[in-house]
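Peer 1: Contents of start-v7.txt (compact mmCIF, C-alpha atoms) are given next:
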```txt
# COMPACT_ATOMS: atom_id res chain seq x y z
CA MET A 1 83.14 57.02 82.92
CA LYS A 2 82.87 60.54 84.27
CA ILE A 3 80.44 62.81 82.44
CA LEU A 4 80.54 66.48 83.35
CA PHE A 5 77.85 69.01 82.46
CA VAL A 6 78.78 72.67 82.73
CA GLY A 7 75.71 74.90 82.82
CA GLY A 8 72.36 74.25 84.47
CA GLY A 9 70.05 76.21 82.20
CA MET A 10 67.52 74.73 79.84
CA GLY A 11 69.95 72.85 77.65
CA GLY A 12 72.25 71.61 80.38
CA THR A 13 69.39 70.39 82.53
CA ILE A 14 67.57 68.58 79.74
CA VAL A 15 70.67 66.82 78.46
CA ALA A 16 71.94 65.85 81.92
CA ASN A 17 68.58 64.33 82.78
CA ASN A 18 68.47 62.60 79.39
CA VAL A 19 71.85 60.97 79.99
CA ALA A 20 71.07 60.12 83.61
CA ARG A 21 67.88 58.34 82.60
CA ARG A 22 69.57 56.44 79.78
CA LEU A 23 72.45 55.34 81.99
CA ALA A 24 70.51 55.00 85.24
CA ARG A 25 71.58 51.41 85.79
CA GLU A 26 75.22 52.20 85.12
CA VAL A 27 75.06 55.14 87.51
CA ARG A 28 73.60 52.93 90.23
CA GLU A 29 76.34 50.37 89.60
CA GLY A 30 79.01 52.99 89.87
CA LYS A 31 80.20 52.59 86.28
CA VAL A 32 79.12 56.11 85.33
CA GLU A 33 79.41 59.28 87.36
CA ILE A 34 77.37 62.31 86.29
CA THR A 35 78.16 65.78 87.63
CA MET A 36 76.58 69.15 86.90
CA LEU A 37 78.17 72.49 87.72
CA SER A 38 76.05 75.61 87.67
CA ALA A 39 76.34 79.23 88.73
CA THR A 40 72.96 79.16 90.46
CA ASP A 41 70.63 76.90 92.42
CA GLN A 42 67.66 78.27 90.50
CA HIS A 43 66.27 77.25 87.15
CA TRP A 44 64.48 79.95 85.18
CA TYR A 45 62.08 79.35 82.31
CA GLN A 46 63.36 82.22 80.20
CA PRO A 47 60.54 82.34 77.61
CA GLY A 48 58.24 83.20 80.51
CA LEU A 49 59.93 86.58 80.89
CA LEU A 50 58.01 87.84 77.86
CA TYR A 51 54.77 87.15 79.69
CA VAL A 52 56.10 88.78 82.87
CA ALA A 53 56.87 91.93 80.87
CA PHE A 54 53.25 92.13 79.78
CA GLY A 55 51.76 91.27 83.17
CA LYS A 56 50.59 87.81 82.18
CA MET A 57 52.87 85.80 84.47
CA ALA A 58 54.70 86.43 87.71
CA LEU A 59 58.39 85.82 88.22
CA SER A 60 57.51 83.15 90.75
CA ASP A 61 55.67 81.25 87.99
CA ILE A 62 58.84 80.73 85.99
CA VAL A 63 61.41 79.54 88.51
CA ARG A 64 62.15 76.25 90.28
CA GLU A 65 64.89 74.90 92.50
CA GLN A 66 67.42 73.32 90.15
CA SER A 67 67.99 70.33 92.38
CA ASN A 68 64.28 69.46 92.21
CA LEU A 69 64.53 69.10 88.44
CA LEU A 70 67.47 66.70 88.34
CA GLU A 71 67.50 62.92 88.18
CA PRO A 72 68.67 61.35 91.45
CA GLY A 73 71.91 60.09 89.94
CA ILE A 74 73.24 63.57 89.11
CA LYS A 75 75.73 65.17 91.48
CA PHE A 76 74.88 68.87 91.44
CA PHE A 77 77.12 71.67 92.65
CA VAL A 78 76.46 75.42 92.64
CA ASP A 79 80.08 76.21 91.82
CA PRO A 80 80.66 77.65 88.37
CA VAL A 81 83.65 76.77 86.26
CA GLU A 82 86.40 79.37 86.02
CA GLU A 83 89.05 77.44 84.12
CA PHE A 84 88.72 74.88 81.37
CA GLU A 85 91.79 72.69 80.85
CA LEU A 86 90.58 70.66 77.91
CA ALA A 87 94.00 69.15 77.15
CA GLN A 88 93.98 67.58 80.62
CA ASN A 89 90.27 66.77 80.59
CA LYS A 90 89.54 68.83 83.64
CA VAL A 91 87.95 72.04 84.85
CA ARG A 92 88.55 74.19 87.89
CA THR A 93 85.69 75.90 89.65
CA LYS A 94 85.29 79.20 91.44
CA GLY A 95 85.44 77.25 94.69
CA GLY A 96 88.81 75.83 93.70
CA VAL A 97 87.54 72.31 93.02
CA VAL A 98 89.05 70.38 90.14
CA HIS A 99 86.69 68.08 88.25
CA ASP A 100 88.16 65.69 85.74
CA TYR A 101 86.00 64.10 83.12
CA ASP A 102 85.88 61.59 80.31
CA MET A 103 83.15 63.49 78.49
CA LEU A 104 82.26 67.14 78.85
CA VAL A 105 79.10 68.97 77.81
CA ILE A 106 79.29 72.76 77.78
CA ALA A 107 75.90 74.47 78.00
CA THR A 108 76.73 77.84 79.48
CA GLY A 109 74.29 79.82 77.38
CA CYS A 110 74.58 83.50 76.56
CA GLU A 111 73.62 86.80 78.10
CA ALA A 112 72.37 90.21 77.12
CA VAL A 113 75.11 92.81 76.89
CA TYR A 114 74.62 96.56 76.70
CA ASP A 115 78.17 97.87 76.47
CA GLU A 116 78.14 97.66 72.69
CA VAL A 117 75.43 100.32 72.37
CA PRO A 118 76.09 103.41 74.51
CA GLY A 119 72.96 104.65 76.25
CA LEU A 120 70.91 101.54 75.54
CA GLU A 121 70.81 100.14 79.05
CA GLU A 122 69.81 103.43 80.59
CA ALA A 123 67.18 104.31 78.01
CA SER A 124 65.47 101.05 77.16
CA GLU A 125 63.07 98.47 78.48
CA THR A 126 63.47 94.78 77.75
CA PRO A 127 61.79 91.47 78.51
CA TYR A 128 65.16 89.72 78.30
CA THR A 129 66.16 89.91 81.95
CA ARG A 130 64.26 89.40 85.19
CA GLU A 131 64.78 92.97 86.33
CA GLY A 132 64.03 94.21 82.83
CA ALA A 133 60.78 92.29 82.49
CA THR A 134 59.51 93.52 85.85
CA ARG A 135 60.43 97.11 85.03
CA MET A 136 58.99 96.89 81.53
CA PHE A 137 55.57 95.89 82.83
CA LYS A 138 55.50 98.91 85.11
CA ARG A 139 56.51 101.22 82.23
CA LEU A 140 53.87 99.76 79.92
CA ARG A 141 51.20 100.01 82.59
CA ASP A 142 52.03 103.67 83.23
CA PHE A 143 52.64 104.74 79.61
CA GLU A 144 50.09 107.29 78.48
CA GLY A 145 50.99 107.54 74.81
CA GLY A 146 53.67 108.56 72.34
CA LYS A 147 56.28 106.91 70.16
CA VAL A 148 57.31 103.37 71.05
CA ALA A 149 60.41 102.25 69.19
CA ILE A 150 61.43 98.59 69.06
CA VAL A 151 65.13 98.02 68.37
CA VAL A 152 66.92 94.72 67.86
CA GLY A 153 70.52 93.83 68.64
CA VAL A 154 72.64 91.22 66.89
CA PRO A 155 72.99 88.45 67.80
CA HIS A 156 70.20 87.66 70.21
CA LYS A 157 68.39 84.65 71.55
CA CYS A 158 64.77 83.90 70.76
CA PRO A 159 64.75 85.24 67.21
CA ILE A 160 60.95 85.48 67.04
CA ALA A 161 60.80 87.80 70.06
CA PRO A 162 60.95 91.10 68.10
CA ILE A 163 57.79 90.17 66.20
CA GLU A 164 56.04 88.80 69.30
CA ILE A 165 56.92 91.86 71.38
CA THR A 166 55.44 94.12 68.71
CA PHE A 167 52.22 92.12 68.45
CA MET A 168 51.91 92.08 72.24
CA LEU A 169 52.55 95.82 72.51
CA HIS A 170 49.77 96.46 69.99
CA GLU A 171 47.36 94.29 71.94
CA PHE A 172 48.43 95.66 75.35
CA PHE A 173 47.76 99.25 74.36
CA GLU A 174 44.50 98.27 72.65
CA LYS A 175 43.28 96.66 75.85
CA ARG A 176 44.32 99.74 77.79
CA GLY A 177 42.24 101.82 75.36
CA ILE A 178 45.18 104.00 74.28
CA ARG A 179 46.31 102.34 71.07
CA ASP A 180 45.28 105.43 69.10
CA LYS A 181 47.69 107.48 71.21
CA VAL A 182 50.63 105.13 70.59
CA GLU A 183 52.86 105.00 67.51
CA LEU A 184 54.60 101.65 67.22
CA LYS A 185 57.86 101.90 65.28
CA TYR A 186 59.58 98.59 64.62
CA THR A 187 63.13 98.33 63.38
CA TYR A 188 65.14 95.31 62.26
CA PRO A 189 68.81 94.84 61.32
CA ILE A 190 68.44 93.29 57.86
CA ALA A 191 66.50 93.94 54.67
CA ARG A 192 63.18 92.52 55.88
CA ILE A 193 61.31 92.55 59.17
CA HIS A 194 62.49 89.10 60.20
CA ASN A 195 65.44 86.95 59.24
CA ILE A 196 63.19 84.03 58.22
CA GLU A 197 61.63 85.04 54.93
CA ASN A 198 58.35 83.17 55.46
CA ILE A 199 57.88 84.80 58.83
CA ALA A 200 58.62 88.22 57.39
CA ASN A 201 56.14 87.65 54.54
CA TRP A 202 53.46 86.59 57.02
CA ALA A 203 54.14 89.39 59.49
CA VAL A 204 54.18 92.38 57.08
CA PRO A 205 50.39 92.34 56.46
CA GLU A 206 49.90 91.85 60.20
CA PHE A 207 52.02 94.92 60.89
CA GLU A 208 50.03 96.88 58.33
CA ARG A 209 46.76 95.74 59.88
CA MET A 210 48.02 96.80 63.30
CA GLU A 211 49.37 100.10 61.90
CA VAL A 212 52.92 99.33 62.94
CA ASP A 213 55.54 101.37 61.10
CA TYR A 214 58.67 99.46 60.25
CA GLU A 215 62.17 100.28 59.12
CA THR A 216 64.66 97.66 57.95
CA PHE A 217 68.44 97.85 57.84
CA PHE A 218 68.52 99.43 61.28
CA ASN A 219 71.41 98.32 63.52
CA MET A 220 71.63 100.21 66.79
CA LYS A 221 74.75 102.29 67.20
CA GLU A 222 74.02 104.47 70.22
CA VAL A 223 71.18 106.04 72.14
CA ASP A 224 70.95 109.75 72.88
CA VAL A 225 69.34 109.33 76.25
CA GLU A 226 68.60 113.00 76.90
CA ASN A 227 66.90 113.64 73.57
CA ARG A 228 65.44 110.15 73.33
CA ILE A 229 66.82 109.29 69.94
CA VAL A 230 68.34 105.97 68.88
CA HIS A 231 70.90 106.20 66.08
CA SER A 232 71.72 103.41 63.66
CA GLU A 233 74.96 102.28 62.04
CA GLU A 234 73.24 102.96 58.73
CA GLY A 235 72.96 106.67 59.51
CA THR A 236 69.25 106.83 60.35
CA GLU A 237 67.59 107.61 63.67
CA LYS A 238 64.40 106.96 65.55
CA GLU A 239 62.81 109.22 68.16
CA PHE A 240 61.06 107.55 71.05
CA ASP A 241 59.10 108.15 74.20
CA LEU A 242 59.48 104.51 75.13
CA LEU A 243 62.30 102.33 73.81
CA VAL A 244 61.89 98.55 73.88
CA THR A 245 64.94 96.53 73.04
CA VAL A 246 65.98 93.02 72.17
CA PRO A 247 69.54 93.58 73.36
CA PRO A 248 72.62 92.15 71.71
CA HIS A 249 74.03 89.02 73.31
CA ARG A 250 77.38 87.40 73.91
CA GLY A 251 78.46 84.02 75.16
CA MET A 252 79.43 83.90 78.83
CA LYS A 253 82.72 85.56 79.73
CA VAL A 254 84.22 82.32 81.04
CA ILE A 255 84.15 80.90 77.52
CA GLU A 256 86.10 83.74 75.97
CA GLU A 257 88.42 84.09 78.95
CA ASN A 258 89.41 80.46 78.48
CA ASN A 259 89.92 80.91 74.73
CA LEU A 260 87.18 78.46 73.90
CA GLY A 261 85.49 80.77 71.43
CA GLU A 262 85.60 84.34 70.26
CA GLY A 263 82.71 86.34 71.65
CA GLY A 264 81.88 83.37 73.89
CA TRP A 265 80.72 81.33 70.89
CA ILE A 266 82.35 77.89 70.82
CA PRO A 267 83.23 76.46 67.38
CA THR A 268 80.93 73.45 67.04
CA ASP A 269 80.30 70.79 64.42
CA ARG A 270 76.77 71.38 63.17
CA TYR A 271 75.88 67.68 63.03
CA SER A 272 77.78 65.91 65.78
CA LEU A 273 77.68 68.94 68.12
CA GLN A 274 81.25 68.21 69.17
CA MET A 275 83.49 71.15 69.88
CA GLU A 276 85.81 71.53 66.92
CA GLY A 277 89.04 69.72 67.63
CA GLN A 278 87.73 68.05 70.78
CA ASP A 279 86.25 64.55 70.41
CA ASN A 280 85.07 64.31 74.01
CA VAL A 281 83.55 67.78 74.35
CA TYR A 282 79.99 68.55 73.26
CA VAL A 283 78.50 72.00 72.94
CA LEU A 284 74.85 72.59 73.50
CA GLY A 285 72.51 75.51 73.06
CA ASP A 286 73.24 79.21 72.90
CA THR A 287 76.98 79.06 73.47
CA SER A 288 77.74 77.30 70.20
CA ASN A 289 78.88 79.31 67.19
CA LEU A 290 76.42 77.49 64.95
CA PRO A 291 74.50 79.79 62.60
CA ILE A 292 71.16 78.56 63.95
CA SER A 293 68.50 79.96 66.25
CA LYS A 294 69.48 80.48 69.85
CA THR A 295 66.33 79.10 71.44
CA GLY A 296 65.27 76.67 74.10
CA SER A 297 63.87 74.36 71.47
CA THR A 298 67.23 74.20 69.72
CA ALA A 299 68.84 73.20 73.00
CA HIS A 300 66.09 70.66 73.59
CA PHE A 301 66.54 68.91 70.25
CA GLN A 302 70.31 69.06 70.56
CA SER A 303 69.99 67.48 74.00
CA GLU A 304 68.28 64.47 72.50
CA VAL A 305 71.15 63.97 70.07
CA ILE A 306 73.90 64.46 72.61
CA GLY A 307 72.13 62.38 75.25
CA GLU A 308 71.67 59.46 72.90
CA ASN A 309 75.21 59.70 71.63
CA ILE A 310 76.84 59.84 75.04
CA ALA A 311 74.93 56.76 76.13
CA SER A 312 75.71 54.99 72.88
CA ILE A 313 79.39 55.84 73.05
CA PHE A 314 79.56 54.49 76.57
CA ARG A 315 77.87 51.23 75.63
CA THR A 316 79.16 50.64 72.10
CA GLY A 317 81.91 53.13 71.46
CA LEU A 318 79.95 54.74 68.64
CA ALA A 319 77.68 57.75 68.26
CA THR A 320 74.37 56.99 66.57
CA ARG A 321 72.67 60.31 65.83
CA GLU A 322 73.31 63.60 64.14
CA TYR A 323 71.59 66.91 64.79
CA ASP A 324 69.58 67.97 61.75
CA GLY A 325 69.20 71.62 62.73
CA LYS A 326 65.68 71.19 64.08
CA VAL A 327 64.10 74.22 65.74
CA TYR A 328 60.50 74.68 66.82
CA CYS A 329 59.16 78.04 67.88
CA PHE A 330 55.77 79.20 68.98
CA ILE A 331 54.87 82.65 67.70
CA GLU A 332 52.40 84.64 69.77
CA ALA A 333 50.19 86.84 67.61
CA ASP A 334 47.34 88.88 69.07
CA LYS A 335 43.79 88.18 70.29
CA ASP A 336 44.94 85.00 72.10
CA ARG A 337 46.19 83.43 68.88
CA ALA A 338 49.51 81.92 67.98
CA THR A 339 51.23 80.13 65.17
CA ASN A 340 54.51 78.23 64.98
CA ALA A 341 57.68 77.81 62.98
CA CYS A 342 59.35 74.42 62.62
CA PHE A 343 62.45 74.07 60.48
CA ASN A 344 65.83 72.42 60.18
CA TYR A 345 68.96 72.74 58.07
CA ILE A 346 67.10 71.71 54.94
CA ASP A 347 63.44 72.73 55.25
CA PRO A 348 62.36 76.33 55.90
CA PRO A 349 59.32 76.94 58.09
CA GLU A 350 55.85 77.23 56.64
CA ILE A 351 53.80 79.74 58.58
CA ARG A 352 50.11 79.03 59.02
CA ALA A 353 47.47 81.47 60.14
CA PRO A 354 47.43 81.95 63.92
CA THR A 355 44.83 80.04 65.90
CA LYS A 356 43.50 80.07 69.42
CA SER A 357 44.33 76.39 69.80
CA MET A 358 48.01 77.05 69.06
CA HIS A 359 47.98 79.81 71.66
CA MET A 360 46.45 77.39 74.19
CA LEU A 361 49.17 74.90 73.29
CA LYS A 362 51.81 77.52 74.06
CA MET A 363 50.11 78.40 77.32
CA SER A 364 50.08 74.72 78.19
CA TYR A 365 53.73 74.33 77.24
CA ASN A 366 54.60 77.15 79.64
CA GLN A 367 53.56 74.65 82.34
CA TRP A 368 54.74 71.46 80.62
CA TYR A 369 58.21 72.96 80.34
CA TRP A 370 59.11 71.64 83.77
CA SER A 371 58.58 68.11 82.47
CA SER A 372 60.80 68.94 79.49
CA ALA A 373 63.48 70.15 81.84
CA ARG A 374 63.29 66.84 83.68
CA GLY A 375 63.87 65.05 80.38
CA LEU A 376 60.36 63.56 80.35
CA LEU A 377 58.99 65.28 77.23
CA MET B 25 97.14 89.24 52.45
CA PRO B 26 94.97 89.57 55.59
CA GLU B 27 93.66 86.37 57.15
CA THR B 28 90.08 85.71 56.08
CA LYS B 29 87.67 84.10 58.51
CA VAL B 30 85.15 81.82 56.88
CA VAL B 31 81.59 81.75 58.21
CA ASP B 32 79.60 78.84 56.88
CA ALA B 33 75.97 79.94 56.83
CA ARG B 34 74.96 77.44 54.18
CA ASN B 35 71.60 75.78 54.72
CA THR B 36 70.61 77.96 57.64
CA PHE B 37 67.41 79.96 57.91
CA CYS B 38 67.71 81.60 61.28
CA PRO B 39 69.35 83.90 62.08
CA GLY B 40 70.51 83.77 58.50
CA PRO B 41 73.64 84.75 56.60
CA LEU B 42 73.39 88.53 56.88
CA MET B 43 72.81 88.41 60.64
CA GLU B 44 75.88 86.16 60.92
CA LEU B 45 77.84 88.73 58.95
CA ILE B 46 76.64 91.58 61.15
CA SER B 47 77.65 89.60 64.27
CA PHE B 48 81.11 89.06 62.85
CA MET B 49 81.54 92.71 61.90
CA LYS B 50 80.76 93.79 65.43
CA ARG B 51 83.59 91.69 66.84
CA ALA B 52 86.04 92.22 64.01
CA GLU B 53 88.96 94.63 63.98
CA VAL B 54 89.38 97.17 61.20
CA GLY B 55 91.10 95.37 58.38
CA ASP B 56 89.62 91.95 59.18
CA GLN B 57 88.04 90.04 56.33
CA MET B 58 85.25 87.49 56.36
CA GLU B 59 84.11 85.08 53.68
CA LEU B 60 80.44 84.32 54.05
CA LEU B 61 79.14 81.09 52.55
CA SER B 62 75.43 81.16 51.81
CA THR B 63 72.92 79.07 49.92
CA ASP B 64 70.37 81.90 50.21
CA ASP B 65 70.20 83.76 46.90
CA GLY B 66 68.99 86.81 48.79
CA SER B 67 72.47 87.15 50.24
CA ALA B 68 73.77 88.20 46.85
CA SER B 69 71.85 91.45 47.13
CA ASP B 70 71.29 91.88 50.89
CA VAL B 71 74.94 91.63 51.87
CA PRO B 72 76.29 94.16 49.34
CA GLN B 73 73.39 96.48 50.17
CA TRP B 74 74.18 96.43 53.89
CA ILE B 75 77.93 96.71 53.34
CA ALA B 76 77.31 99.82 51.22
CA LYS B 77 74.96 101.36 53.80
CA VAL B 78 77.41 101.10 56.66
CA GLY B 79 80.53 101.83 54.60
CA HIS B 80 82.52 98.61 54.66
CA GLU B 81 84.13 97.00 51.62
CA LEU B 82 82.74 94.28 49.43
CA VAL B 83 85.87 92.44 48.30
CA THR B 84 84.47 89.64 46.14
CA LYS B 85 81.16 87.99 45.36
CA GLU B 86 80.77 84.82 43.33
CA LYS B 87 78.54 81.80 43.10
CA ILE B 88 80.27 78.43 43.03
CA ASP B 89 78.19 75.27 42.81
CA ASP B 90 75.01 76.90 44.18
CA VAL B 91 76.89 78.52 47.06
CA TRP B 92 77.52 82.24 47.29
CA HIS B 93 81.03 83.14 48.44
CA ILE B 94 80.97 86.74 49.59
CA THR B 95 84.11 88.29 51.04
CA VAL B 96 83.79 91.55 52.94
CA LYS B 97 86.28 93.71 54.80
CA LYS B 98 85.76 95.88 57.84
CA VAL B 99 87.18 99.28 57.00
CA LYS B 100 86.03 101.44 59.88
```
Rewrite the coordinates I just gave you, this time as structure tokens.
Peer 2:
Amino acid sequence: MKILFVGGGMGGTIVANNVARRLAREVREGKVEITMLSATDQHWYQPGLLYVAFGKMALSDIVREQSNLLEPGIKFFVDPVEEFELAQNKVRTKGGVVHDYDMLVIATGCEAVYDEVPGLEEASETPYTREGATRMFKRLRDFEGGKVAIVVGVPHKCPIAPIEITFMLHEFFEKRGIRDKVELKYTYPIARIHNIENIANWAVPEFERMEVDYETFFNMKEVDVENRIVHSEEGTEKEFDLLVTVPPHRGMKVIEENNLGEGGWIPTDRYSLQMEGQDNVYVLGDTSNLPISKTGSTAHFQSEVIGENIASIFRTGLATREYDGKVYCFIEADKDRATNACFNYIDPPEIRAPTKSMHMLKMSYNQWYWSSARGLL
Amino acid sequence: MPETKVVDARNTFCPGPLMELISFMKRAEVGDQMELLSTDDGSASDVPQWIAKVGHELVTKEKIDDVWHITVKKVK
């Protein structure tokens, strides 16, 4: 059996390692061949970018060589897919190589896109890209006071980031001794300050304590760069001296170009994680069209399901697990405290008061992540 | 009758039904319709409120067996 993994980010790496460990004997015996195709030889721990943007981590802290993270039985090529020919069970890469497969896992992720909001890229800072996070830290370090507007695009990965960014901005300026010179103005696209009601209910008193102004039903339309005003689809506007954005995202272009999913979002069964209409294609992580959080933890829990099912199908012909929608997110608060949100398709999260121990757990996970990527945690 | 895309946001908490609707509207063409399925009772008020704010059309809204079926149309 040939198993092909397209995408070497968090989800692709975890699931490939999961399968390779489960089928290690079969790989050694030549009964299973595992291949991974990626656009890069580097593996970035994306949640670390938030810490880079606030000067708490360096870029070098959050990157590893992809090949060092992979089980020995995985054939790894830095040669991204350009064409998917699902009817023929094959893909063609940028390098012109054709890979056929018996089972395919697509984990190509998603990316920030700025073209939907004119002026946004030029005017804003963001922790969502490597260049952005580095630049944002310099802007924050040099900012001497004024209006800081936080604007949120739809959809985006890491849904808790808008809240975390705001908390961290408050703390950053407090530590710099200029919080009284900074007006924090948070905006959010829907009727409350976060899409998860329990998180919104918890965060509103925190915002009030931190003297953060907030406006709901604010969807970015365009940014007047010269006058430093961001306009919303709803007809309102926000002036700023510093604009921090969670940019809108789309699935990777190769997905849409190959007609696998509008906007780069692949239609996916929410339980089996199979691509709709394709029994031997699984979709993992951000690139699915599932109405669930686009987070690393989602990809991690999906990896466990897909990994177990691929191994089971190979050995018995049957899948054994279903994905229950599980997501787990740390939520950084302020004063070295954090809380968490754990939920699935049935149970909403219950938010507990932030603690220092939860923050230490998150700090520890920032290092443990590399073991997760290897499929060990 | 225009084709209506169905977005099943039942039993989802994050990003939630209204965010799914907003995502769809961004990609949709003028004239496209979407039927949002939601088990969140808040959708019954949030969705019409947002549709009214941005000037799209609320076509239908009904609750069937604990599921809200809300059809909206992109008009601009």
Peer 1: Can you check which residues of chain B have any atom within 12 Å of chain A? Use only C-alpha atoms and format it as a VMD selection string.
Peer 2: chain B and resid 29 to 52 60 to 67 69 to 80 100
Peer 1: Which centre and edge lengths in Å to one decimal define the box along x, y and z that fits every listed atom of region 78-85 of chain B plus 8 Å per side, as lines of an AutoDock Vina configuration file?
Peer 2:
```
center_x = 81.6
center_y = 94.9
center_z = 51.0
size_x = 24.5
size_y = 29.8
size_z = 27.3
```
Peer 1: So that I can see what lies close to Glu122 (chain A), please list as a PDB file with C-alpha atoms, in the coordinates of the input the residues with an atom at most 10 Å from it, counting all atoms listed in the file and leaving out residues fewer than 5 positions away in the same chain.
Peer 2:
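This is the output file around_16.pdb:
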```
ATOM      1  CA  TYR A 114      74.620  96.560  76.700  1.00  0.00           C
ATOM      2  CA  VAL A 223      71.180 106.040  72.140  1.00  0.00           C
ATOM      3  CA  VAL A 225      69.340 109.330  76.250  1.00  0.00           C
TER       4      VAL A 225
END
```
Peer 1: When you draw a straight line from CA of Thr339 (chain A) to CA of Asp180 (chain A), how long is it in Å?
Peer 2: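 So the answer is 26.3 Å.
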Peer 1: Would you pick out the contacts of Gly96 (chain A) at 10 Å or less, using all atoms listed in the file, so that residues sharing its chain but fewer than 5 positions from it are not included, and give the list as a list in words?
Peer 2: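 After dropping sequence-adjacent residues, the list is Asp79, Pro80, Val81, Glu82, Glu83 and Val91 of chain A.
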Peer 1: Okay, now the selection with C-alpha atoms, as a PDB file, in the coordinates of the input?
Peer 2:
```pdb
ATOM      1  CA  ASP A  79      80.080  76.210  91.820  1.00  0.00           C
ATOM      2  CA  PRO A  80      80.660  77.650  88.370  1.00  0.00           C
ATOM      3  CA  VAL A  81      83.650  76.770  86.260  1.00  0.00           C
ATOM      4  CA  GLU A  82      86.400  79.370  86.020  1.00  0.00           C
ATOM      5  CA  GLU A  83      89.050  77.440  84.120  1.00  0.00           C
ATOM      6  CA  VAL A  91      87.950  72.040  84.850  1.00  0.00           C
TER       7      VAL A  91
END
```
Peer 1: Find the distance between CA of Gly7 (chain A) and CA of Val105 (chain A) and write it in Å to one decimal.
Peer 2: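 Taking CA of Gly7 (chain A) and CA of Val105 (chain A), their separation equals 8.5 Å.
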